[in-house]
>>> print(open('coords_22.cif').read())   # mmCIF, C-alpha atoms
data_input
loop_
_atom_site.label_atom_id
_atom_site.label_comp_id
_atom_site.auth_asym_id
_atom_site.auth_seq_id
_atom_site.Cartn_x
_atom_site.Cartn_y
_atom_site.Cartn_z
CA MET A 1 -3.18 -14.12 -6.55
CA SER A 2 -4.56 -12.89 -3.25
CA CYS A 3 -3.95 -9.60 -1.53
CA PHE A 4 -4.83 -11.15 1.84
CA ASN A 5 -2.41 -14.12 1.88
CA ASN A 6 -5.10 -16.11 3.67
CA PRO A 7 -7.64 -18.24 1.78
CA ASP A 8 -10.27 -18.00 4.54
CA VAL A 9 -10.12 -14.20 4.54
CA GLU A 10 -10.14 -14.16 0.72
CA THR A 11 -13.30 -16.28 0.66
CA ALA A 12 -15.05 -14.21 3.33
CA VAL A 13 -14.26 -10.95 1.54
CA ALA A 14 -15.38 -12.35 -1.84
CA GLU A 15 -18.68 -13.50 -0.34
CA ALA A 16 -19.26 -10.13 1.34
CA LEU A 17 -18.60 -8.29 -1.94
CA VAL A 18 -21.08 -10.51 -3.80
CA GLN A 19 -23.72 -9.95 -1.11
CA ALA A 20 -23.13 -6.19 -1.35
CA GLY A 21 -23.64 -6.28 -5.13
CA VAL A 22 -20.07 -5.20 -5.91
CA LYS A 23 -18.78 -6.04 -9.39
CA VAL A 24 -15.39 -7.77 -9.05
CA TYR A 25 -12.91 -7.78 -11.94
CA SER A 26 -10.29 -10.53 -11.64
CA GLY A 27 -6.98 -10.84 -13.44
CA TYR A 28 -6.27 -7.12 -13.73
CA ILE A 29 -3.27 -5.10 -12.57
CA LEU A 30 -3.49 -1.38 -11.79
CA ALA A 31 -1.78 0.56 -14.58
CA GLN A 32 -2.60 4.17 -13.66
CA TRP A 33 -5.09 6.49 -12.06
CA ASP A 34 -6.21 9.87 -13.32
CA LEU A 35 -5.86 12.55 -10.68
CA VAL A 36 -7.29 16.07 -10.77
CA LYS A 37 -5.57 18.52 -8.42
CA ALA A 38 -6.96 21.79 -7.11
CA ASP A 39 -4.63 24.74 -7.73
CA ASP A 40 -4.19 25.51 -4.06
CA ASP A 41 -4.03 21.98 -2.68
CA GLN A 42 -1.41 19.22 -2.66
CA ARG A 43 -4.14 16.60 -2.70
CA GLY A 44 -6.04 15.38 -5.72
CA GLU A 45 -9.27 13.64 -6.62
CA VAL A 46 -9.14 10.31 -8.46
CA THR A 47 -11.42 10.52 -11.50
CA ALA A 48 -10.61 7.21 -13.23
CA VAL A 49 -8.46 4.11 -12.87
CA SER A 50 -6.97 1.97 -15.65
CA PHE A 51 -5.97 -1.68 -15.47
CA THR A 52 -4.10 -4.08 -17.74
CA SER A 53 -4.71 -7.80 -18.24
CA ASP A 54 -3.70 -10.60 -20.57
CA ASP A 55 -6.82 -9.93 -22.65
CA THR A 56 -8.41 -6.49 -22.60
CA PRO A 57 -7.49 -3.25 -20.82
CA LEU A 58 -10.11 -1.82 -18.48
CA THR A 59 -10.79 1.79 -17.47
CA LEU A 60 -13.32 2.66 -14.78
CA ASP A 61 -14.63 6.11 -13.92
CA CYS A 62 -14.48 6.81 -10.20
CA LEU A 63 -17.92 8.10 -9.42
CA VAL A 64 -17.81 6.76 -5.86
CA CYS A 65 -14.26 7.96 -5.25
CA SER A 66 -15.14 11.65 -5.42
CA HIS A 67 -14.14 11.78 -1.75
CA CYS A 68 -10.90 9.80 -2.26
CA LEU A 69 -8.03 12.23 -1.88
CA PHE A 70 -4.42 11.30 -2.46
CA SER A 71 -1.28 13.20 -1.64
CA ALA A 72 0.53 14.49 -4.72
CA GLN A 73 3.89 14.18 -2.95
#
>>> encode(input="coords_22.cif", output="structure tokens")
Amino acid sequence: MSCFNNPDVETAVAEALVQAGVKVYSGYILAQWDLVKADDDQRGEVTAVSFTSDDTPLTLDCLVCSHCLFSAQ
């Protein structure tokens, strides 16, 4: 399954991620994200994401995503 619908783009992105030292998990589907909202804001900060797979579930803490804000609407 590719999110790019183009094998050349998929290959280029995969190579760039490897060169950047990014750990890639394949075969997982996003199940949920944990969101912490400030009392006075409609936005929230993602603190963790959980994925399902045919084998083992995976949960990752979002240390890098401390700036990732999502609308709660």
>>> residues_around(input="coords_22.cif", residues="Thr52 of chain A", least_positions_apart="2", cutoff="8 Å", atoms="only C-alpha atoms", output="list in words")
Tyr28, Ile29, Leu30, Ala31, Ser50, Asp54, Thr56, Pro57 and Leu58 of chain A
>>> atom_distance(input="coords_22.cif", atom1="atom CA of Asp61 of chain A", atom2="atom CA of Ser26 of chain A")
17.3 Å
>>> atom_distance(input="coords_22.cif", atom1="atom CA of Cys3 of chain A", atom2="atom CA of Cys62 of chain A")
21.3 Å
>>> atom_distance(input="coords_22.cif", atom1="atom CA of Phe51 of chain A", atom2="atom CA of Leu35 of chain A")
15.0 Å
>>> residues_around(input="coords_22.cif", residues="Val13 of chain A", least_positions_apart="3", cutoff="12 Å", atoms="all atoms listed in the file", output="JSON, numbers by chain")
{"A": [2, 3, 4, 6, 7, 8, 9, 10, 16, 17, 18, 19, 20, 22, 24]}
>>> closest_residue(input="coords_22.cif", among="A:Ala48, A:Thr11, A:Thr59, A:Gly21", to="Asp34 of chain A", atoms="only C-alpha atoms")
A:Ala48
